file entry-v2.txt (compact mmCIF, C-alpha atoms)
# COMPACT_ATOMS: atom_id res chain seq x y z
CA MET A 1 148.48 24.61 127.90
CA LEU A 2 147.18 21.11 128.60
CA ILE A 3 146.06 18.73 125.85
CA THR A 4 144.71 15.25 126.57
CA PHE A 5 144.38 12.24 124.29
CA GLU A 6 141.58 9.78 124.88
CA GLY A 7 140.07 6.68 123.34
CA LEU A 8 139.78 2.91 123.56
CA LYS A 9 142.93 0.83 124.05
CA GLY A 10 144.68 0.36 120.70
CA CYS A 11 143.48 3.66 119.22
CA LYS A 12 147.10 4.87 118.90
CA LYS A 13 146.55 7.94 121.08
CA GLU A 14 150.16 7.79 122.33
CA VAL A 15 151.32 7.85 118.68
CA TYR A 16 149.37 11.03 118.01
CA MET A 17 150.57 12.52 121.28
CA ASN A 18 154.23 11.91 120.46
CA GLU A 19 153.81 13.18 116.90
CA LEU A 20 152.25 16.40 118.22
CA ALA A 21 155.07 16.77 120.75
CA ASP A 22 157.64 16.53 117.93
CA MET A 23 155.79 19.09 115.82
CA LEU A 24 155.54 21.49 118.75
CA ARG A 25 159.25 21.17 119.52
CA ARG A 26 160.08 21.84 115.88
CA SER A 27 157.89 24.97 116.10
CA ARG A 28 160.02 26.51 118.84
CA PHE A 29 157.99 25.22 121.78
CA PRO A 30 160.80 23.42 123.58
CA GLU A 31 159.02 22.86 126.86
CA VAL A 32 156.67 20.11 125.83
CA TYR A 33 156.09 17.34 128.35
CA CYS A 34 154.40 14.03 127.59
CA THR A 35 152.73 12.27 130.49
CA LYS A 36 150.03 9.70 131.16
CA GLU A 37 147.40 8.54 133.62
CA PRO A 38 147.27 6.52 135.75
CA GLY A 39 150.82 6.73 137.05
CA PHE A 40 152.63 9.90 136.03
CA PRO A 41 156.42 9.88 135.73
CA ASP A 42 158.81 10.10 138.68
CA SER A 43 156.43 9.95 141.59
CA PRO A 44 156.98 7.08 144.03
CA ILE A 45 153.38 7.20 145.25
CA SER A 46 152.02 7.11 141.75
CA ARG A 47 154.31 4.30 140.64
CA LEU A 48 153.11 2.32 143.61
CA MET A 49 149.48 3.12 142.92
CA SER A 50 149.84 2.35 139.27
CA HIS A 51 151.32 -1.01 140.26
CA LEU A 52 148.41 -1.72 142.60
CA ILE A 53 145.86 -0.68 139.99
CA ASN A 54 147.38 -2.85 137.30
CA ASN A 55 148.58 -5.87 139.26
CA GLU A 56 146.46 -6.32 142.36
CA PRO A 57 143.56 -8.54 141.34
CA SER A 58 141.75 -8.00 144.63
CA THR A 59 141.48 -4.26 144.05
CA MET A 60 137.74 -3.65 143.83
CA PRO A 61 136.09 -1.31 141.32
CA VAL A 62 135.20 1.39 143.86
CA GLU A 63 138.61 1.16 145.53
CA LYS A 64 140.23 1.45 142.10
CA LEU A 65 138.04 4.46 141.29
CA PHE A 66 139.35 6.31 144.34
CA LEU A 67 142.95 5.23 143.66
CA LEU A 68 142.66 6.62 140.14
CA LEU A 69 141.39 9.90 141.58
CA ALA A 70 144.19 10.04 144.18
CA ASP A 71 146.68 9.47 141.36
CA ARG A 72 145.00 12.20 139.29
CA ALA A 73 145.05 14.67 142.19
CA ALA A 74 148.80 14.05 142.65
CA HIS A 75 149.41 14.32 138.89
CA TYR A 76 147.72 17.72 138.61
CA GLU A 77 149.02 19.11 141.88
CA LYS A 78 152.65 18.09 141.48
CA PHE A 79 153.29 17.76 137.76
CA VAL A 80 150.74 19.23 135.33
CA GLY A 81 149.77 22.33 137.31
CA PRO A 82 153.31 23.61 138.01
CA ILE A 83 154.25 23.26 134.33
CA ILE A 84 151.24 24.89 132.72
CA ASN A 85 150.88 27.65 135.30
CA ARG A 86 154.49 28.76 135.65
CA LYS A 87 156.04 31.72 133.98
CA ARG A 88 159.12 31.14 131.89
CA GLU A 89 162.16 32.50 133.73
CA THR A 90 165.13 31.45 131.64
CA ALA A 91 165.90 32.19 128.02
CA PHE A 92 165.63 29.36 125.53
CA SER A 93 168.91 28.83 123.71
CA GLY A 94 167.37 27.64 120.45
CA GLY A 95 165.72 30.91 119.45
CA TYR A 96 163.31 33.56 120.63
CA VAL A 97 160.66 32.49 123.09
CA PRO A 98 158.31 35.02 124.67
CA PRO A 99 159.48 35.44 128.26
CA SER A 100 156.26 34.32 129.92
CA THR A 101 155.48 31.16 127.93
CA PRO A 102 154.44 28.35 130.25
CA GLY A 103 155.16 24.73 129.37
CA ILE A 104 152.86 22.56 127.31
CA VAL A 105 151.66 19.24 128.75
CA LEU A 106 150.32 16.43 126.57
CA SER A 107 148.68 13.59 128.47
CA ASP A 108 147.83 10.05 127.39
CA ARG A 109 144.44 9.85 129.18
CA GLY A 110 143.01 12.30 131.66
CA PRO A 111 139.76 13.00 133.54
CA ASP A 112 137.56 11.99 130.59
CA SER A 113 138.75 8.38 130.95
CA LEU A 114 137.01 8.23 134.32
CA ILE A 115 133.72 9.36 132.78
CA ALA A 116 133.99 6.96 129.82
CA TYR A 117 135.27 3.88 131.68
CA GLN A 118 134.05 4.07 135.29
CA GLY A 119 130.88 6.01 134.38
CA PHE A 120 129.65 4.65 131.07
CA GLY A 121 131.62 1.39 130.88
CA TYR A 122 131.54 -0.03 134.41
CA GLN A 123 128.62 2.17 135.54
CA ILE A 124 129.85 2.25 139.12
CA ALA A 125 128.77 5.83 139.91
CA PRO A 126 126.52 8.54 138.46
CA ILE A 127 128.20 10.71 135.79
CA GLU A 128 127.52 13.90 137.79
CA LEU A 129 129.28 12.49 140.85
CA LEU A 130 132.27 11.38 138.76
CA MET A 131 132.48 14.85 137.21
CA ALA A 132 132.40 16.48 140.65
CA MET A 133 135.19 14.16 141.84
CA ASN A 134 137.28 14.91 138.74
CA SER A 135 136.89 18.64 139.39
CA LEU A 136 138.06 18.15 142.95
CA ALA A 137 141.12 16.19 141.73
CA LEU A 138 141.97 18.83 139.10
CA ARG A 139 141.59 21.82 141.41
CA ASN A 140 140.80 24.33 138.66
CA THR A 141 143.48 23.13 136.22
CA PRO A 142 141.95 23.89 132.80
CA ILE A 143 142.13 21.31 129.98
CA HIS A 144 142.47 23.31 126.78
CA LEU A 145 142.00 20.62 124.15
CA THR A 146 141.08 16.94 124.10
CA PHE A 147 141.36 14.59 121.13
CA ILE A 148 139.28 11.42 121.26
CA ILE A 149 140.65 8.87 118.80
CA ASP A 150 137.52 6.94 117.89
CA ILE A 151 137.89 3.34 116.69
CA PRO A 152 135.34 0.51 116.43
CA GLU A 153 135.06 -1.78 119.47
CA TYR A 154 136.27 -4.90 117.63
CA GLU A 155 139.39 -3.05 116.48
CA SER A 156 140.23 -2.18 120.06
CA ASP A 157 139.86 -5.72 121.36
CA PRO A 158 138.26 -8.42 119.22
CA HIS A 159 138.18 -10.83 122.19
CA GLY A 160 136.98 -8.32 124.81
CA ASP A 161 133.47 -7.58 126.05
CA GLN A 162 132.01 -5.78 123.04
CA GLU A 163 129.05 -4.38 124.99
CA PHE A 164 131.39 -2.85 127.55
CA LEU A 165 133.60 -1.32 124.85
CA LYS A 166 130.49 0.02 123.10
CA ARG A 167 129.39 1.77 126.29
CA VAL A 168 132.85 3.32 126.76
CA ARG A 169 132.84 4.51 123.14
CA GLN A 170 129.37 6.00 123.59
CA GLY A 171 130.63 7.67 126.76
CA TYR A 172 133.39 9.37 124.79
CA LYS A 173 130.86 10.57 122.21
CA HIS A 174 128.68 11.94 125.00
CA ILE A 175 131.69 13.86 126.38
CA ALA A 176 132.38 15.31 122.92
CA GLN A 177 128.78 16.49 122.62
CA MET A 178 128.90 18.11 126.06
CA SER A 179 132.14 20.05 125.44
CA PRO A 180 132.23 21.03 121.74
CA GLY A 181 134.80 23.80 122.26
CA ARG A 182 137.33 21.58 124.00
CA VAL A 183 136.81 18.05 122.69
CA PHE A 184 137.43 16.92 119.11
CA VAL A 185 136.65 13.42 117.83
CA VAL A 186 139.26 12.02 115.44
CA ASP A 187 138.27 9.16 113.16
CA GLY A 188 140.86 6.56 114.11
CA THR A 189 140.15 4.44 111.04
CA MET A 190 141.60 7.14 108.79
CA SER A 191 145.32 7.43 108.02
CA VAL A 192 147.66 8.59 110.77
CA GLU A 193 149.03 11.21 108.35
CA LYS A 194 145.58 12.78 107.80
CA ASN A 195 144.75 12.73 111.51
CA LYS A 196 148.12 14.22 112.47
CA GLU A 197 147.34 17.11 110.14
CA PHE A 198 143.87 17.61 111.65
CA ILE A 199 145.31 17.65 115.17
CA TRP A 200 148.04 20.08 114.17
CA ARG A 201 145.54 22.42 112.46
CA THR A 202 143.47 22.43 115.67
CA VAL A 203 146.37 22.97 118.08
CA ALA A 204 148.50 25.44 116.11
CA PRO A 205 146.04 28.38 116.06
CA ALA A 206 145.50 28.05 119.81
CA LEU A 207 149.26 28.64 120.23
CA GLY A 208 149.45 31.46 117.70
CA ILE A 209 151.32 29.29 115.20
CA ASN A 210 150.59 29.49 111.50
CA ALA A 211 149.50 25.92 110.66
CA GLN A 212 150.16 26.56 106.95
CA MET B 213 125.81 -4.84 163.18
CA LEU B 214 128.29 -2.03 162.68
CA ILE B 215 129.08 0.52 165.39
CA THR B 216 131.56 3.37 164.87
CA PHE B 217 133.38 5.53 167.40
CA GLU B 218 134.27 9.08 166.49
CA GLY B 219 135.80 12.17 168.01
CA LEU B 220 138.90 14.34 168.28
CA LYS B 221 142.27 12.70 168.88
CA GLY B 222 142.67 11.94 172.58
CA CYS B 223 138.95 11.44 173.25
CA LYS B 224 139.57 7.78 174.26
CA LYS B 225 137.25 6.37 171.60
CA GLU B 226 139.40 3.22 171.33
CA VAL B 227 139.02 2.71 175.09
CA TYR B 228 135.22 2.82 174.81
CA MET B 229 135.34 0.56 171.74
CA ASN B 230 137.40 -2.09 173.52
CA GLU B 231 135.25 -1.90 176.65
CA LEU B 232 132.11 -2.42 174.56
CA ALA B 233 133.76 -5.36 172.76
CA ASP B 234 134.49 -7.01 176.12
CA MET B 235 130.93 -6.48 177.33
CA LEU B 236 129.50 -7.93 174.12
CA ARG B 237 131.74 -10.99 174.33
CA ARG B 238 130.68 -11.54 177.95
CA SER B 239 127.05 -11.34 176.74
CA ARG B 240 127.43 -14.33 174.42
CA PHE B 241 128.30 -12.36 171.28
CA PRO B 242 131.60 -14.04 170.50
CA GLU B 243 132.05 -12.70 167.00
CA VAL B 244 132.97 -9.14 167.80
CA TYR B 245 135.65 -7.57 165.62
CA CYS B 246 137.45 -4.32 166.42
CA THR B 247 138.86 -2.40 163.49
CA LYS B 248 139.89 1.11 162.54
CA GLU B 249 140.22 3.60 159.70
CA PRO B 250 142.39 4.45 157.93
CA GLY B 251 144.23 1.15 157.50
CA PHE B 252 142.17 -1.86 158.49
CA PRO B 253 143.92 -5.04 159.69
CA ASP B 254 145.60 -7.58 157.42
CA SER B 255 145.32 -5.87 154.05
CA PRO B 256 148.62 -5.19 152.25
CA ILE B 257 147.08 -2.39 150.18
CA SER B 258 145.65 -0.71 153.22
CA ARG B 259 148.82 -1.03 155.24
CA LEU B 260 150.66 0.60 152.38
CA MET B 261 148.09 3.34 152.03
CA SER B 262 148.03 3.93 155.74
CA HIS B 263 151.80 4.28 155.61
CA LEU B 264 151.58 6.79 152.75
CA ILE B 265 148.85 8.75 154.48
CA ASN B 266 150.75 8.96 157.74
CA ASN B 267 154.37 9.24 156.59
CA GLU B 268 154.49 10.83 153.15
CA PRO B 269 154.75 14.58 153.75
CA SER B 270 154.22 15.37 150.07
CA THR B 271 150.79 13.77 150.05
CA MET B 272 148.43 16.64 149.25
CA PRO B 273 145.04 17.16 150.94
CA VAL B 274 142.97 16.15 147.89
CA GLU B 275 145.19 13.16 147.16
CA LYS B 276 144.88 12.13 150.81
CA LEU B 277 141.10 12.53 150.62
CA PHE B 278 140.90 10.03 147.76
CA LEU B 279 143.37 7.66 149.44
CA LEU B 280 141.19 7.68 152.56
CA LEU B 281 138.17 6.85 150.41
CA ALA B 282 140.02 4.04 148.58
CA ASP B 283 141.01 2.64 151.96
CA ARG B 284 137.40 2.92 153.16
CA ALA B 285 136.05 1.20 150.04
CA ALA B 286 138.46 -1.71 150.61
CA HIS B 287 137.60 -1.83 154.30
CA TYR B 288 133.86 -2.12 153.68
CA GLU B 289 134.11 -4.40 150.66
CA LYS B 290 136.60 -6.88 152.07
CA PHE B 291 136.28 -6.72 155.85
CA VAL B 292 133.22 -5.01 157.36
CA GLY B 293 130.63 -6.07 154.76
CA PRO B 294 131.39 -9.82 154.78
CA ILE B 295 131.25 -9.93 158.60
CA ILE B 296 128.04 -7.99 159.18
CA ASN B 297 126.17 -9.49 156.22
CA ARG B 298 127.05 -13.15 156.60
CA LYS B 299 124.84 -15.75 158.14
CA ARG B 300 126.26 -17.77 160.99
CA GLU B 301 126.97 -21.30 159.78
CA THR B 302 128.73 -22.99 162.68
CA ALA B 303 127.57 -23.50 166.23
CA PHE B 304 129.23 -21.47 168.95
CA SER B 305 130.79 -23.76 171.55
CA GLY B 306 130.27 -21.40 174.49
CA GLY B 307 126.48 -21.55 174.57
CA TYR B 308 123.40 -21.02 172.50
CA VAL B 309 123.69 -18.52 169.64
CA PRO B 310 120.82 -18.02 167.20
CA PRO B 311 121.89 -19.74 163.97
CA SER B 312 121.77 -16.68 161.76
CA THR B 313 123.59 -14.14 163.91
CA PRO B 314 126.05 -12.15 161.83
CA GLY B 315 129.23 -10.75 163.36
CA ILE B 316 129.46 -7.40 165.09
CA VAL B 317 132.03 -4.87 163.91
CA LEU B 318 133.24 -1.98 166.05
CA SER B 319 135.31 0.62 164.25
CA ASP B 320 137.63 3.32 165.57
CA ARG B 321 136.65 6.04 163.07
CA GLY B 322 134.47 5.64 160.00
CA PRO B 323 132.81 7.75 157.29
CA ASP B 324 131.88 10.54 159.72
CA SER B 325 135.59 11.35 160.17
CA LEU B 326 135.72 12.44 156.52
CA ILE B 327 132.82 14.84 157.04
CA ALA B 328 134.25 16.26 160.28
CA TYR B 329 137.92 16.52 159.26
CA GLN B 330 138.05 16.94 155.46
CA GLY B 331 134.71 18.74 155.28
CA PHE B 332 134.43 20.95 158.36
CA GLY B 333 138.09 21.01 159.46
CA TYR B 334 140.13 21.30 156.26
CA GLN B 335 137.14 22.47 154.15
CA ILE B 336 138.54 20.91 150.99
CA ALA B 337 135.20 19.85 149.48
CA PRO B 338 131.49 20.55 149.95
CA ILE B 339 129.80 18.40 152.62
CA GLU B 340 127.26 17.02 150.09
CA LEU B 341 130.04 15.82 147.78
CA LEU B 342 131.89 14.18 150.67
CA MET B 343 128.68 12.44 151.74
CA ALA B 344 128.11 11.16 148.18
CA MET B 345 131.69 9.84 148.05
CA ASN B 346 131.27 8.14 151.43
CA SER B 347 128.10 6.44 150.18
CA LEU B 348 129.96 5.20 147.13
CA ALA B 349 132.77 3.81 149.31
CA LEU B 350 130.29 2.10 151.67
CA ARG B 351 128.15 0.55 148.94
CA ASN B 352 124.99 0.32 151.04
CA THR B 353 126.68 -0.99 154.18
CA PRO B 354 124.49 0.38 156.99
CA ILE B 355 126.04 1.94 160.09
CA HIS B 356 123.74 1.07 162.97
CA LEU B 357 125.14 3.23 165.75
CA THR B 358 127.79 5.91 166.12
CA PHE B 359 129.19 7.30 169.35
CA ILE B 360 130.91 10.68 169.16
CA ILE B 361 133.10 11.19 172.21
CA ASP B 362 133.02 14.95 172.61
CA ILE B 363 135.95 16.67 174.36
CA PRO B 364 137.06 20.34 174.37
CA GLU B 365 139.62 21.32 171.71
CA TYR B 366 142.36 22.16 174.22
CA GLU B 367 141.99 18.74 175.82
CA SER B 368 142.55 17.09 172.47
CA ASP B 369 145.69 19.04 171.63
CA PRO B 370 146.68 22.10 173.67
CA HIS B 371 149.41 22.99 171.13
CA GLY B 372 147.34 22.37 167.96
CA ASP B 373 145.35 24.75 165.81
CA GLN B 374 142.41 25.49 168.11
CA GLU B 375 140.29 26.99 165.31
CA PHE B 376 140.73 23.85 163.21
CA LEU B 377 139.84 21.58 166.13
CA LYS B 378 136.81 23.75 166.86
CA ARG B 379 135.57 23.32 163.28
CA VAL B 380 136.03 19.54 163.47
CA ARG B 381 134.14 19.44 166.75
CA GLN B 382 131.33 21.54 165.27
CA GLY B 383 131.30 19.16 162.29
CA TYR B 384 130.70 16.24 164.63
CA LYS B 385 127.85 18.11 166.31
CA HIS B 386 126.34 18.85 162.90
CA ILE B 387 126.48 15.13 162.06
CA ALA B 388 124.74 14.27 165.33
CA GLN B 389 121.96 16.75 164.57
CA MET B 390 121.50 15.33 161.06
CA SER B 391 121.24 11.68 162.21
CA PRO B 392 119.56 11.62 165.60
CA GLY B 393 118.56 7.94 165.35
CA ARG B 394 122.07 6.71 164.63
CA VAL B 395 124.48 9.15 166.26
CA PHE B 396 124.86 9.71 170.00
CA VAL B 397 127.11 12.34 171.53
CA VAL B 398 128.95 11.20 174.66
CA ASP B 399 130.34 13.84 177.03
CA GLY B 400 134.01 12.85 177.09
CA THR B 401 134.70 14.98 180.17
CA MET B 402 132.56 12.67 182.31
CA SER B 403 133.89 9.48 183.91
CA VAL B 404 134.70 6.52 181.68
CA GLU B 405 132.55 4.37 183.95
CA LYS B 406 129.45 6.54 183.42
CA ASN B 407 129.99 6.74 179.67
CA LYS B 408 130.57 2.99 179.34
CA GLU B 409 127.21 2.48 180.99
CA PHE B 410 125.50 4.96 178.64
CA ILE B 411 127.01 3.21 175.59
CA TRP B 412 126.00 -0.21 176.88
CA ARG B 413 122.42 0.93 177.57
CA THR B 414 122.22 2.21 174.00
CA VAL B 415 123.73 -0.84 172.31
CA ALA B 416 122.17 -3.64 174.38
CA PRO B 417 118.50 -3.08 173.41
CA ALA B 418 119.45 -3.00 169.72
CA LEU B 419 120.86 -6.52 170.15
CA GLY B 420 117.96 -7.79 172.21
CA ILE B 421 120.04 -7.91 175.38
CA ASN B 422 118.63 -6.88 178.74
CA ALA B 423 120.94 -4.02 179.76
CA GLN B 424 119.81 -4.46 183.42
call {"tool": "encode", "arguments": {"input": "entry-v2.txt", "output": "structure tokens"}}
result
Amino acid sequence: MLITFEGLKGCKKEVYMNELADMLRRSRFPEVYCTKEPGFPDSPISRLMSHLINNEPSTMPVEKLFLLLADRAAHYEKFVGPIINRKRETAFSGGYVPPSTPGIVLSDRGPDSLIAYQGFGYQIAPIELLMAMNSLALRNTPIHLTFIIDIPEYESDPHGDQEFLKRVRQGYKHIAQMSPGRVFVVDGTMSVEKNKEFIWRTVAPALGINAQ
Amino acid sequence: MLITFEGLKGCKKEVYMNELADMLRRSRFPEVYCTKEPGFPDSPISRLMSHLINNEPSTMPVEKLFLLLADRAAHYEKFVGPIINRKRETAFSGGYVPPSTPGIVLSDRGPDSLIAYQGFGYQIAPIELLMAMNSLALRNTPIHLTFIIDIPEYESDPHGDQEFLKRVRQGYKHIAQMSPGRVFVVDGTMSVEKNKEFIWRTVAPALGINAQ
């Protein structure tokens, strides 16, 4: 199972991701992996690309778009795909685990970031083209659930380009409307405790866990 | 003006490119730049990417596809575009040059390689999607002329996958059929001397030169 967390910078998506990982591990799902895009863990190419993306001022928007997609293709091919598609071979020492449970991957950002930022925010390519490129990078890897942590633009970055942030936020809302079964919008202005509970009550049934 | 040279490995496209560059320079076009894809000259990012593309065995086809496009976007944004779009500001010391002549770029491979290799050869994405991605990478940079040096598969690589090479070759022929005004197929089994002459007689009129 693959779950992605999306939203504007400062929306605390990595907090919610790590909280969910802890709750899953406590519920006898030991094989929970947290990752992020761009730049997934332990890949020299991706580290390098992440460095270029973040630190090379001459990297142009379209070049960056393709670098992000190359990074995504590597992430899904080499890291996410093998974990969520594999069959469990070894017994888990901490208790009973069904023998064919694949791992669970939680990702801080995923393909929806490309739609929201490069599509709606920077407007450097048509949404349909960006979606086709994302599909190519993912190679049929299904995303089961996505949580968009929605916060107001000024809370994300009071000194940033508010119009740009507004477009990205609208992009995320558009994505949620397009994929109601997969994408859930979380009100980031509410308490972390309340939102944690909402996320847990959405994820648990999908894994056959009683959410209480 | 931008002119690309395409074809299977071993078709001598770089020979024809360099011969044309010499002829152009002798015809009072001093600002002729030869370049290539992937990995255009003097860009640290591109050198790095070219290294990854050529030497990293774990680089997957889709990841490589996006790296090639990132490299192409950088090439056109930072190198090809500025040369072919600029206006000439300084006088050429060797003779009269019209004051607004932009530079001429000759490239060993270009966007058509993606269609022929990734599209027809490796078949990793639909041709229409690859064409849309190429357009995005080129950002409206026009390619004026393309010469495909056509050689038989076994001449390119007698020990390689002949079916793959056949598909690439067919891809090039498809491209030529789609763009008859831009793309010219050169019979690579004929003498270099004859083909040089054909290329010159095609290029010269487009530059207002009497090809004799």
call {"tool": "closest_residue", "arguments": {"input": "entry-v2.txt", "among": "B:Phe291, B:Phe278, B:Phe241, B:Tyr384", "to": "chain A", "atoms": "all atoms listed in the file"}}
result
B:Phe278
call {"tool": "interface_residues", "arguments": {"input": "entry-v2.txt", "of": "chain A", "to": "chain B", "cutoff": "6 Å", "atoms": "all atoms listed in the file", "output": "list in words"}}
result
Glu63, Phe66, Leu67, Ala70, Ala73 and Ala74 of chain A
call {"tool": "residues_around", "arguments": {"input": "entry-v2.txt", "residues": "Thr216 in chain B", "least_positions_apart": "5", "cutoff": "6 Å", "atoms": "all atoms listed in the file", "output": "PDB file with C-alpha atoms, keeping the file's coordinate frame"}}
result
ATOM      1  CA  LEU B 318     133.240  -1.980 166.050  1.00  0.00           C
ATOM      2  CA  SER B 319     135.310   0.620 164.250  1.00  0.00           C
ATOM      3  CA  THR B 358     127.790   5.910 166.120  1.00  0.00           C
TER       4      THR B 358
END
call {"tool": "atom_distance", "arguments": {"input": "entry-v2.txt", "atom1": "CA of Pro158 in chain A", "atom2": "CA of Pro111 in chain A"}}
result
25.8 Å
call {"tool": "residues_around", "arguments": {"input": "entry-v2.txt", "residues": "Ile175 in chain A", "least_positions_apart": "5", "cutoff": "9 Å", "atoms": "all atoms listed in the file", "output": "JSON, numbers by chain"}}
result
{"A": [112, 115, 116, 170, 180, 183]}
call {"tool": "residues_near_point", "arguments": {"input": "entry-v2.txt", "point": "(132.6, 2.7, 131.0)", "cutoff": "6 Å", "atoms": "only C-alpha atoms", "output": "VMD selection string"}}
result
chain A and resid 116 to 122 167 to 168
